[in-house]
file target.cif (mmCIF, C-alpha atoms)
data_coords
#
loop_
_atom_site.label_atom_id
_atom_site.label_comp_id
_atom_site.auth_asym_id
_atom_site.auth_seq_id
_atom_site.Cartn_x
_atom_site.Cartn_y
_atom_site.Cartn_z
CA MET M 728 0.00 0.00 0.00
CA LYS M 729 2.86 2.35 0.86
CA ALA M 730 4.56 1.55 -2.50
CA VAL M 731 1.39 2.51 -4.43
CA THR M 732 1.07 5.74 -2.50
CA LYS M 733 4.72 6.58 -3.19
CA MET M 734 4.28 5.88 -6.90
CA LYS M 735 1.29 8.26 -7.06
CA THR M 736 3.27 10.96 -5.27
CA VAL M 737 6.12 10.65 -7.86
CA ARG M 738 3.66 10.90 -10.74
CA VAL M 739 2.04 14.01 -9.31
CA SER M 740 5.46 15.59 -8.79
CA LEU M 741 6.46 14.86 -12.40
CA LEU M 742 3.17 16.31 -13.68
CA ILE M 743 3.66 19.50 -11.64
CA GLY M 744 7.24 19.80 -12.97
CA VAL M 745 6.08 19.50 -16.59
CA LEU M 746 3.40 22.15 -16.02
CA VAL M 747 5.94 24.56 -14.45
CA ILE M 748 8.35 24.16 -17.36
CA ALA M 749 5.55 24.76 -19.86
CA LEU M 750 4.51 27.94 -18.03
CA LEU M 751 8.11 29.19 -18.02
CA LEU M 752 8.49 28.62 -21.75
CA THR M 753 5.31 30.55 -22.55
CA ALA M 754 6.55 33.46 -20.40
CA LEU M 755 9.85 33.78 -22.33
CA PRO M 756 9.89 36.22 -25.33
CA GLY M 757 9.85 34.48 -28.66
CA VAL M 758 12.80 34.71 -31.07
CA VAL M 759 11.60 36.82 -33.97
CA SER M 760 13.52 37.33 -37.19
CA ALA M 761 13.98 41.01 -37.91
CA ALA M 762 12.49 42.21 -41.14
CA PRO M 763 15.08 43.44 -43.62
CA ALA M 764 15.63 47.19 -43.44
CA GLU M 765 13.89 49.01 -46.18
CA ARG M 766 16.22 50.59 -48.65
CA SER M 767 16.06 54.33 -48.81
CA ALA M 768 14.75 55.65 -52.07
CA ASP M 769 17.70 58.04 -52.09
CA ALA M 770 20.33 55.33 -51.66
CA PRO M 771 22.60 54.75 -54.66
CA ALA M 772 21.90 51.76 -56.86
CA ALA M 773 25.35 50.30 -56.15
CA SER M 774 27.44 50.30 -52.97
CA TYR M 775 30.70 49.20 -54.55
CA TYR M 776 33.69 51.51 -54.39
CA ILE M 777 37.27 51.36 -55.49
CA TYR M 778 39.93 53.40 -53.73
CA HIS M 779 42.59 55.74 -55.12
CA THR M 780 45.59 57.11 -53.22
CA VAL M 781 46.48 60.63 -54.36
CA ARG M 782 49.98 60.95 -55.82
CA TYR M 783 52.21 63.99 -56.22
CA GLY M 784 51.01 66.31 -58.98
CA GLU M 785 47.51 64.82 -59.29
CA THR M 786 44.39 66.99 -59.31
CA LEU M 787 40.82 66.04 -58.52
CA SER M 788 39.81 66.72 -62.12
CA GLN M 789 42.52 64.36 -63.46
CA ILE M 790 41.38 61.63 -61.04
CA ALA M 791 37.74 62.13 -62.05
CA VAL M 792 38.59 61.83 -65.76
CA ARG M 793 40.73 58.77 -65.11
CA TYR M 794 37.85 56.84 -63.51
CA GLY M 795 35.07 58.14 -65.76
CA THR M 796 33.28 60.20 -63.11
CA THR M 797 32.98 63.91 -62.28
CA VAL M 798 34.63 66.26 -59.81
CA GLN M 799 31.27 66.98 -58.18
CA VAL M 800 30.63 63.28 -57.46
CA LEU M 801 34.09 62.80 -55.92
CA MET M 802 33.65 65.91 -53.77
CA GLN M 803 30.26 64.71 -52.50
CA ILE M 804 31.19 61.15 -51.54
CA ASN M 805 34.55 62.15 -50.02
CA GLY M 806 33.32 65.23 -48.12
CA ILE M 807 35.59 67.62 -50.05
CA SER M 808 34.52 71.26 -49.94
CA ASN M 809 37.32 72.67 -52.11
CA PRO M 810 38.32 70.74 -55.27
CA ASN M 811 41.78 72.33 -55.15
CA HIS M 812 42.56 70.96 -51.69
CA ILE M 813 43.63 67.34 -51.91
CA TYR M 814 46.94 66.07 -50.60
CA VAL M 815 49.49 63.39 -51.38
CA GLY M 816 48.57 60.14 -49.65
CA GLN M 817 44.87 61.01 -49.33
CA VAL M 818 42.64 57.99 -50.05
CA LEU M 819 39.58 58.78 -52.18
CA ARG M 820 36.50 56.61 -52.65
CA ILE M 821 35.64 56.16 -56.33
CA PRO M 822 32.07 55.04 -57.11
CA ALA M 823 31.80 52.00 -59.37
CA ALA M 824 29.38 49.30 -60.34
CA ALA M 825 29.82 45.83 -58.90
CA PRO M 826 32.92 44.23 -60.41
CA GLY M 827 32.77 41.51 -62.98
CA CYS M 828 33.07 40.89 -66.71
CA VAL M 829 30.02 41.99 -68.64
CA ARG M 830 31.50 40.65 -71.89
CA TYR M 831 34.78 39.64 -73.55
CA HIS M 832 36.62 41.28 -76.45
CA ARG M 833 39.22 39.73 -78.76
CA VAL M 834 41.82 42.32 -79.79
CA THR M 835 42.28 42.80 -83.53
CA TYR M 836 45.30 44.23 -85.33
CA GLY M 837 45.70 47.98 -84.87
CA GLN M 838 43.48 48.29 -81.80
CA THR M 839 44.66 50.11 -78.65
CA LEU M 840 43.56 49.77 -75.04
CA SER M 841 42.25 53.35 -75.00
CA GLY M 842 40.25 52.73 -78.18
CA ILE M 843 38.72 49.54 -76.79
CA ALA M 844 37.88 51.30 -73.50
CA ALA M 845 36.19 54.15 -75.38
CA TRP M 846 34.24 51.68 -77.54
CA TYR M 847 32.72 49.98 -74.48
CA GLY M 848 32.41 53.18 -72.44
CA VAL M 849 34.71 52.08 -69.60
CA SER M 850 37.77 53.67 -68.02
CA VAL M 851 41.03 52.58 -69.61
CA TYR M 852 42.43 52.14 -66.08
CA ALA M 853 39.51 49.91 -65.05
CA LEU M 854 40.04 47.85 -68.22
CA ALA M 855 43.76 47.48 -67.44
CA GLN M 856 43.05 46.55 -63.82
CA ALA M 857 40.44 43.95 -64.79
CA ASN M 858 42.96 42.23 -67.06
CA GLY M 859 46.08 42.61 -64.91
CA LEU M 860 47.76 44.94 -67.42
CA THR M 861 50.60 47.13 -66.12
CA ASN M 862 51.39 48.84 -69.44
CA LEU M 863 48.52 50.75 -71.06
CA ASN M 864 50.30 50.63 -74.43
CA ARG M 865 50.71 46.86 -74.57
CA VAL M 866 47.90 44.79 -76.11
CA TYR M 867 48.29 42.34 -78.97
CA ALA M 868 46.14 40.87 -81.73
CA GLY M 869 44.25 37.80 -80.52
CA GLN M 870 44.37 38.78 -76.84
CA VAL M 871 41.04 38.26 -75.06
CA LEU M 872 40.09 41.08 -72.68
CA CYS M 873 37.53 41.10 -69.89
CA ILE M 874 35.26 44.15 -70.25
CA PRO M 875 34.46 45.13 -66.65
CA SER M 876 31.32 46.74 -65.33
CA ILE M 877 33.53 49.20 -63.45
CA GLY M 878 34.27 52.51 -65.12
CA GLY M 879 30.92 53.95 -66.07
CA PRO M 880 28.00 53.10 -68.32
CA VAL M 881 28.04 52.75 -72.06
CA TYR M 882 26.95 56.10 -73.45
CA PRO M 883 24.63 55.94 -76.47
CA LYS M 884 25.00 58.59 -79.11
CA PRO M 885 22.65 61.36 -77.95
CA VAL M 886 19.92 62.91 -80.02
CA TYR M 887 20.17 66.55 -80.99
CA GLY M 888 18.89 68.75 -78.16
CA ALA M 889 20.46 66.65 -75.36
CA GLY M 890 23.65 68.66 -75.46
CA PHE M 891 25.44 71.25 -77.56
CA TRP M 892 28.16 71.60 -80.17
CA TYR M 893 31.62 72.83 -79.17
CA THR M 894 34.36 73.94 -81.59
CA VAL M 895 37.87 72.83 -80.53
CA GLN M 896 40.22 75.75 -79.85
CA TYR M 897 44.00 75.88 -80.03
CA GLY M 898 45.47 74.28 -76.90
CA ASP M 899 42.31 72.29 -76.05
CA THR M 900 42.52 68.69 -74.88
CA LEU M 901 39.59 66.31 -74.55
CA ALA M 902 40.19 66.09 -70.79
CA ARG M 903 40.11 69.88 -70.44
CA ILE M 904 36.87 70.18 -72.47
CA ALA M 905 35.22 67.42 -70.41
CA TYR M 906 36.19 69.08 -67.13
CA ARG M 907 35.08 72.53 -68.33
CA TYR M 908 31.52 71.36 -69.05
CA GLY M 909 31.14 68.77 -66.26
CA ALA M 910 31.13 65.83 -68.69
CA THR M 911 33.40 62.78 -68.83
CA ILE M 912 36.02 62.18 -71.47
CA TYR M 913 34.44 58.80 -72.28
CA ALA M 914 30.96 60.27 -72.82
CA ILE M 915 32.35 62.79 -75.33
CA MET M 916 34.36 60.08 -77.11
CA ALA M 917 31.30 57.83 -77.43
CA ALA M 918 29.08 60.70 -78.60
CA ASN M 919 31.52 61.67 -81.35
CA GLY M 920 32.82 58.23 -82.37
CA LEU M 921 36.38 59.04 -81.28
CA GLY M 922 38.76 56.10 -81.12
CA SER M 923 41.48 57.91 -79.15
CA PRO M 924 41.31 60.65 -76.50
CA ASN M 925 44.45 62.18 -78.03
CA ARG M 926 42.96 62.81 -81.49
CA ILE M 927 41.15 66.13 -81.72
CA LEU M 928 41.89 68.97 -84.14
CA VAL M 929 41.59 72.74 -83.97
CA GLY M 930 38.25 73.69 -85.56
CA GLN M 931 36.74 70.22 -85.03
CA ARG M 932 33.12 70.29 -83.79
CA LEU M 933 32.37 68.04 -80.83
CA TRP M 934 28.98 67.13 -79.42
CA ILE M 935 28.93 67.59 -75.62
CA PRO M 936 26.22 65.13 -74.53
CA GLY M 937 23.61 65.69 -71.88
CA TYR M 938 24.49 69.27 -71.01
CA GLN M 939 23.03 72.69 -71.77
CA ALA M 940 25.09 75.02 -73.91
CA PRO M 941 26.75 77.70 -71.77
CA SER M 942 24.98 81.04 -71.86
CA PRO M 943 26.95 83.75 -73.64
CA ALA M 944 28.64 86.12 -71.24
CA PRO M 945 27.10 89.59 -71.16
CA THR M 946 30.53 91.16 -71.45
CA PRO M 947 33.59 89.64 -73.06
CA ALA M 948 36.03 88.10 -70.61
CA PRO M 949 39.50 89.61 -70.48
CA SER M 950 41.92 87.94 -72.84
CA PRO M 951 44.16 85.38 -71.13
CA PRO M 952 47.89 85.97 -71.16
CA PRO M 953 49.42 84.94 -74.48
CA THR M 954 50.78 81.41 -74.58
CA GLN M 955 54.45 81.13 -75.50
CA THR M 956 56.25 78.13 -76.91
CA GLY M 957 59.83 79.44 -77.04
CA GLY M 958 62.43 78.23 -79.45
CA PRO M 959 64.02 77.54 -81.74
CA TRP M 960 64.75 74.27 -79.97
CA THR M 961 67.76 72.04 -80.49
CA GLY M 962 66.44 68.48 -80.34
CA LEU M 963 68.65 65.46 -79.66
CA TYR M 964 66.78 62.28 -80.65
CA TYR M 965 67.86 58.90 -79.19
CA ASN M 966 66.83 55.34 -80.05
CA ASN M 967 66.52 54.50 -76.35
CA LYS M 968 64.60 55.85 -73.38
CA ASP M 969 67.50 57.13 -71.25
CA PHE M 970 69.53 59.40 -73.60
CA SER M 971 72.43 56.94 -73.55
CA GLY M 972 75.09 56.93 -76.24
CA ALA M 973 75.24 59.31 -79.19
CA PRO M 974 71.96 60.76 -80.50
CA ALA M 975 70.61 59.12 -83.66
CA MET M 976 69.52 62.54 -84.97
CA ILE M 977 69.95 66.25 -84.11
CA ARG M 978 67.62 68.83 -85.59
CA GLN M 979 66.13 72.28 -84.98
CA ASP M 980 62.43 72.31 -83.98
CA GLY M 981 60.47 75.57 -84.08
CA VAL M 982 58.08 74.49 -81.29
CA ILE M 983 57.63 71.42 -79.11
CA ASN M 984 54.16 70.43 -80.29
CA PHE M 985 54.12 66.97 -81.82
CA ASP M 986 51.50 64.24 -82.11
CA TRP M 987 53.25 61.27 -83.68
CA GLY M 988 50.45 58.79 -82.92
CA SER M 989 51.88 55.31 -83.27
CA GLY M 990 54.50 56.53 -85.74
CA SER M 991 58.01 57.93 -85.46
CA PRO M 992 59.49 61.47 -85.37
CA ASP M 993 61.73 60.56 -88.31
CA ALA M 994 62.83 57.61 -90.42
CA LYS M 995 66.01 57.48 -88.32
CA ILE M 996 64.08 57.11 -85.05
CA ASN M 997 62.22 54.13 -83.60
CA SER M 998 58.44 54.34 -83.34
CA ASP M 999 58.70 53.01 -79.75
CA ASN M 1000 61.39 53.21 -77.07
CA PHE M 1001 62.89 56.55 -78.04
CA SER M 1002 63.67 59.78 -76.20
CA VAL M 1003 64.27 63.43 -77.05
CA LEU M 1004 66.17 66.15 -75.22
CA TRP M 1005 65.32 69.73 -76.29
CA THR M 1006 67.07 72.91 -75.15
CA ALA M 1007 66.46 76.56 -75.98
CA THR M 1008 67.57 79.91 -74.58
CA ASN M 1009 64.56 82.21 -74.25
CA ASN M 1010 64.20 85.81 -73.09
CA PHE M 1011 61.72 86.42 -70.27
CA SER M 1012 60.34 89.54 -68.64
CA ALA M 1013 60.41 89.50 -64.85
CA GLY M 1014 57.45 87.64 -63.36
CA THR M 1015 55.94 84.30 -62.37
CA TYR M 1016 55.46 81.86 -65.25
CA GLN M 1017 53.23 78.82 -65.48
CA PHE M 1018 54.65 76.02 -67.62
CA VAL M 1019 52.34 73.33 -69.04
CA ALA M 1020 53.48 70.06 -70.61
CA THR M 1021 51.01 67.62 -72.19
CA SER M 1022 52.71 64.32 -72.89
CA ASP M 1023 52.28 60.65 -73.72
CA ASP M 1024 54.57 59.20 -72.22
CA GLY M 1025 57.13 60.73 -69.81
CA VAL M 1026 58.17 64.39 -69.57
CA ARG M 1027 60.42 66.57 -67.40
CA VAL M 1028 60.91 70.34 -67.73
CA TYR M 1029 63.81 72.35 -66.31
CA VAL M 1030 64.45 76.10 -66.23
CA ASP M 1031 68.09 76.98 -65.55
CA ASP M 1032 68.49 73.40 -64.22
CA HIS M 1033 65.57 73.82 -61.77
CA LYS M 1034 63.10 70.97 -62.32
CA ILE M 1035 59.56 72.40 -62.38
CA ILE M 1036 57.65 69.51 -64.05
CA ASP M 1037 58.16 65.81 -63.38
CA GLY M 1038 55.86 63.40 -65.22
CA TRP M 1039 58.47 60.71 -65.81
CA SER M 1040 56.22 57.68 -66.20
CA VAL M 1041 54.21 55.74 -68.79
CA HIS M 1042 50.75 57.30 -69.15
CA PRO M 1043 48.22 58.50 -71.74
CA ALA M 1044 48.22 62.18 -72.73
CA THR M 1045 48.26 64.08 -69.44
CA ASP M 1046 48.68 67.75 -68.51
CA TYR M 1047 51.47 68.61 -66.05
CA VAL M 1048 51.81 72.13 -64.62
CA GLY M 1049 54.69 73.90 -62.86
CA GLU M 1050 55.40 77.49 -61.82
CA ILE M 1051 58.59 79.48 -61.32
CA TYR M 1052 59.53 83.13 -60.79
CA LEU M 1053 62.07 84.39 -63.34
CA PRO M 1054 64.00 87.65 -63.26
CA ALA M 1055 64.24 89.56 -66.53
CA GLY M 1056 66.77 88.19 -69.01
CA ASN M 1057 67.75 85.01 -70.83
CA HIS M 1058 66.96 81.62 -69.29
CA VAL M 1059 67.67 78.11 -70.55
CA VAL M 1060 64.66 75.81 -70.81
CA ARG M 1061 65.30 72.07 -71.11
CA VAL M 1062 62.61 69.50 -71.95
CA GLU M 1063 63.17 65.74 -71.62
CA PHE M 1064 60.73 63.25 -73.16
CA PHE M 1065 60.54 59.49 -73.61
CA GLU M 1066 58.11 57.18 -75.41
CA GLU M 1067 57.77 53.54 -74.37
CA GLY M 1068 55.13 52.31 -76.81
CA GLY M 1069 51.77 52.92 -78.42
CA LEU M 1070 50.76 56.56 -78.99
CA ALA M 1071 53.30 59.37 -78.61
CA SER M 1072 52.69 63.12 -78.21
CA ILE M 1073 54.32 66.13 -76.54
CA TYR M 1074 53.26 69.80 -76.28
CA VAL M 1075 55.12 72.37 -74.14
CA ARG M 1076 54.09 75.99 -73.58
CA TRP M 1077 54.04 78.65 -70.86
CA MET M 1078 52.40 81.94 -69.94
CA ARG M 1079 53.14 84.79 -67.59
CA LYS M 1080 50.67 84.98 -64.68
#
call {"tool": "encode", "arguments": {"input": "target.cif", "output": "structure tokens"}}
result
Amino acid sequence: MKAVTKMKTVRVSLLIGVLVIALLLTALPGVVSAAPAERSADAPAASYYIYHTVRYGETLSQIAVRYGTTVQVLMQINGISNPNHIYVGQVLRIPAAAPGCVRYHRVTYGQTLSGIAAWYGVSVYALAQANGLTNLNRVYAGQVLCIPSIGGPVYPKPVYGAGFWYTVQYGDTLARIAYRYGATIYAIMAANGLGSPNRILVGQRLWIPGYQAPSPAPTPAPSPPPTQTGGPWTGLYYNNKDFSGAPAMIRQDGVINFDWGSGSPDAKINSDNFSVLWTATNNFSAGTYQFVATSDDGVRVYVDDHKIIDGWSVHPATDYVGEIYLPAGNHVVRVEFFEEGGLASIYVRWMRK
């Protein structure tokens, strides 16, 4: 009898324990999966960025052109209030679409990396990065290239009314025109069917897509200081990139303003891997002078052995600027240039500020 009573007591205790546990479980808060945060309507379509470290001599406009974006976009996403205030070593966020190959392209004879980039509306630097290329002038027939989604959209040729016509002036570059009107160099190339950013001519009419024509100024702006090119220049041409040995040719050049394309300065000179050293004694009035050198590839400029421009690297046509104060009198200007491969051009000038 005692055993039966004990058994009943155990069963009641177990039942009470189960009921207590059940009550405790119902009192605990349930685990609820959080609903995904709604995306703001103002959020950008893509959240992918690449990063660029500012190097000596770079400007925000040059960086914007290089990556197929605009100065205004870079200022906004990097919190920059003054486009002229960036510093060496500064890391900038560059907006880009998600990486990946959207298609593949087989290089044919005569094509260049810049021409292929312009055809697909991507940055030449993004195209080089996507394919592990370290030399922008080195592609070969039969090579298969990944066309990345980074570097900007493909720009269709706009209809009339979505932009305006611009007539190229002496001294213009495609990069300078793009920056002046808030466009990108690649949009202008696509709109005008240009195969190279280095091929525009004085008097050529270019369609600037997607922008309103600038309103005419009510009063004419003051004329800028006259541009000077100096000379005559004594040019020493070498069939190497480091001025070693005897020059293959010496000649007098009236100005340093050459666009050799993929050709050669002369039958005696290589079309690639050559260098030129120009010197001229020029008379200057006292004042501060701004020197500008546009080159593809490397360039250095010296005045009385003071280096004021240093762009000694392989790159597409790029503007380099340097300033120096000169007392009145004669001063020796020396220009050094080298071409590694692909397109070759050099244009040197200066103006008194």
call {"tool": "resolve_selection", "arguments": {"input": "target.cif", "expression": "the PyMOL selection byres ((chain M and resi 997) around 12)", "output": "list of chain:residue names"}}
result
M:Tyr964, M:Tyr965, M:Asn966, M:Asn967, M:Lys968, M:Ala975, M:Met976, M:Trp987, M:Ser989, M:Gly990, M:Ser991, M:Pro992, M:Asp993, M:Ala994, M:Lys995, M:Ile996, M:Ser998, M:Asp999, M:Asn1000, M:Phe1001, M:Ser1002, M:Val1003, M:Phe1065, M:Glu1066, M:Glu1067, M:Gly1068, M:Gly1069, M:Ala1071
call {"tool": "write_last_selection", "arguments": {"input": "target.cif", "atoms": "C-alpha atoms", "output": "PDB file, keeping the file's coordinate frame"}}
result
ATOM      1  CA  TYR M 964      66.780  62.280 -80.650  1.00  0.00           C
ATOM      2  CA  TYR M 965      67.860  58.900 -79.190  1.00  0.00           C
ATOM      3  CA  ASN M 966      66.830  55.340 -80.050  1.00  0.00           C
ATOM      4  CA  ASN M 967      66.520  54.500 -76.350  1.00  0.00           C
ATOM      5  CA  LYS M 968      64.600  55.850 -73.380  1.00  0.00           C
ATOM      6  CA  ALA M 975      70.610  59.120 -83.660  1.00  0.00           C
ATOM      7  CA  MET M 976      69.520  62.540 -84.970  1.00  0.00           C
ATOM      8  CA  TRP M 987      53.250  61.270 -83.680  1.00  0.00           C
ATOM      9  CA  SER M 989      51.880  55.310 -83.270  1.00  0.00           C
ATOM     10  CA  GLY M 990      54.500  56.530 -85.740  1.00  0.00           C
ATOM     11  CA  SER M 991      58.010  57.930 -85.460  1.00  0.00           C
ATOM     12  CA  PRO M 992      59.490  61.470 -85.370  1.00  0.00           C
ATOM     13  CA  ASP M 993      61.730  60.560 -88.310  1.00  0.00           C
ATOM     14  CA  ALA M 994      62.830  57.610 -90.420  1.00  0.00           C
ATOM     15  CA  LYS M 995      66.010  57.480 -88.320  1.00  0.00           C
ATOM     16  CA  ILE M 996      64.080  57.110 -85.050  1.00  0.00           C
ATOM     17  CA  SER M 998      58.440  54.340 -83.340  1.00  0.00           C
ATOM     18  CA  ASP M 999      58.700  53.010 -79.750  1.00  0.00           C
ATOM     19  CA  ASN M1000      61.390  53.210 -77.070  1.00  0.00           C
ATOM     20  CA  PHE M1001      62.890  56.550 -78.040  1.00  0.00           C
ATOM     21  CA  SER M1002      63.670  59.780 -76.200  1.00  0.00           C
ATOM     22  CA  VAL M1003      64.270  63.430 -77.050  1.00  0.00           C
ATOM     23  CA  PHE M1065      60.540  59.490 -73.610  1.00  0.00           C
ATOM     24  CA  GLU M1066      58.110  57.180 -75.410  1.00  0.00           C
ATOM     25  CA  GLU M1067      57.770  53.540 -74.370  1.00  0.00           C
ATOM     26  CA  GLY M1068      55.130  52.310 -76.810  1.00  0.00           C
ATOM     27  CA  GLY M1069      51.770  52.920 -78.420  1.00  0.00           C
ATOM     28  CA  ALA M1071      53.300  59.370 -78.610  1.00  0.00           C
TER      29      ALA M1071
END
call {"tool": "residues_around", "arguments": {"input": "target.cif", "residues": "Ala1044 of chain M", "least_positions_apart": "2", "cutoff": "9 Å", "atoms": "all atoms listed in the file", "output": "ChimeraX atom specification"}}
result
/M:900,924-925,1021-1024,1042,1046,1070-1073
call {"tool": "residues_around", "arguments": {"input": "target.cif", "residues": "Tyr836 of chain M", "least_positions_apart": "2", "cutoff": "8 Å", "atoms": "all atoms listed in the file", "output": "list in words"}}
result
Val834, Gln838, Tyr867 and Ala868 of chain M
call {"tool": "closest_residue", "arguments": {"input": "target.cif", "among": "M:Tyr847, M:Trp892, M:Tyr1074, M:Trp1005", "to": "Phe985 of chain M", "atoms": "all atoms listed in the file"}}
result
M:Tyr1074
call {"tool": "resolve_selection", "arguments": {"input": "target.cif", "expression": "the PyMOL selection byres ((chain M and resi 1079) around 9)", "output": "list in words"}}
result
Pro952, Pro953, Thr954, Gln955, Ser1012, Gly1014, Thr1015, Tyr1016, Gln1017, Phe1018, Trp1077, Met1078 and Lys1080 of chain M
call {"tool": "write_last_selection", "arguments": {"input": "target.cif", "atoms": "C-alpha atoms", "output": "PDB file, in the frame of the given file"}}
result
ATOM      1  CA  PRO M 952      47.890  85.970 -71.160  1.00  0.00           C
ATOM      2  CA  PRO M 953      49.420  84.940 -74.480  1.00  0.00           C
ATOM      3  CA  THR M 954      50.780  81.410 -74.580  1.00  0.00           C
ATOM      4  CA  GLN M 955      54.450  81.130 -75.500  1.00  0.00           C
ATOM      5  CA  SER M1012      60.340  89.540 -68.640  1.00  0.00           C
ATOM      6  CA  GLY M1014      57.450  87.640 -63.360  1.00  0.00           C
ATOM      7  CA  THR M1015      55.940  84.300 -62.370  1.00  0.00           C
ATOM      8  CA  TYR M1016      55.460  81.860 -65.250  1.00  0.00           C
ATOM      9  CA  GLN M1017      53.230  78.820 -65.480  1.00  0.00           C
ATOM     10  CA  PHE M1018      54.650  76.020 -67.620  1.00  0.00           C
ATOM     11  CA  TRP M1077      54.040  78.650 -70.860  1.00  0.00           C
ATOM     12  CA  MET M1078      52.400  81.940 -69.940  1.00  0.00           C
ATOM     13  CA  LYS M1080      50.670  84.980 -64.680  1.00  0.00           C
TER      14      LYS M1080
END
call {"tool": "residues_near_point", "arguments": {"input": "target.cif", "point": "(34.8, 45.3, -73.4)", "cutoff": "10 Å", "atoms": "only C-alpha atoms", "output": "NGL selection string"}}
result
:M and (828-834 or 840 or 843-849 or 854 or 871-876)
call {"tool": "atom_distance", "arguments": {"input": "target.cif", "atom1": "atom CA of Ile1035 of chain M", "atom2": "atom CA of Glu1050 of chain M"}}
result
6.6 Å
call {"tool": "resolve_selection", "arguments": {"input": "target.cif", "expression": "the PyMOL selection byres ((chain M and resi 788) around 12)", "output": "NGL selection string"}}
result
:M and (781 or 784-787 or 789-802 or 809-813 or 902-912 or 1045-1046)
call {"tool": "residues_near_point", "arguments": {"input": "target.cif", "point": "(57.0, 61.8, -65.7)", "cutoff": "8 Å", "atoms": "all atoms listed in the file", "output": "ChimeraX atom specification"}}
result
/M:1024-1027,1036-1041
call {"tool": "atom_distance", "arguments": {"input": "target.cif", "atom1": "atom CA of Leu963 of chain M", "atom2": "atom CA of Leu1004 of chain M"}}
result
5.1 Å
call {"tool": "atom_distance", "arguments": {"input": "target.cif", "atom1": "atom CA of Gln817 of chain M", "atom2": "atom CA of Thr780 of chain M"}}
result
5.6 Å
call {"tool": "residues_around", "arguments": {"input": "target.cif", "residues": "segment 931-937 of chain M", "least_positions_apart": "4", "cutoff": "6 Å", "atoms": "only C-alpha atoms", "output": "list in words"}}
result
Ala889, Gly890, Phe891, Trp892, Tyr893, Thr894, Val895 and Ile915 of chain M
call {"tool": "write_last_selection", "arguments": {"input": "target.cif", "atoms": "C-alpha atoms", "output": "compact mmCIF listing (two decimals), keeping the file's coordinate frame"}}
result
# COMPACT_ATOMS: atom_id res chain seq x y z
CA ALA M 889 20.46 66.65 -75.36
CA GLY M 890 23.65 68.66 -75.46
CA PHE M 891 25.44 71.25 -77.56
CA TRP M 892 28.16 71.60 -80.17
CA TYR M 893 31.62 72.83 -79.17
CA THR M 894 34.36 73.94 -81.59
CA VAL M 895 37.87 72.83 -80.53
CA ILE M 915 32.35 62.79 -75.33
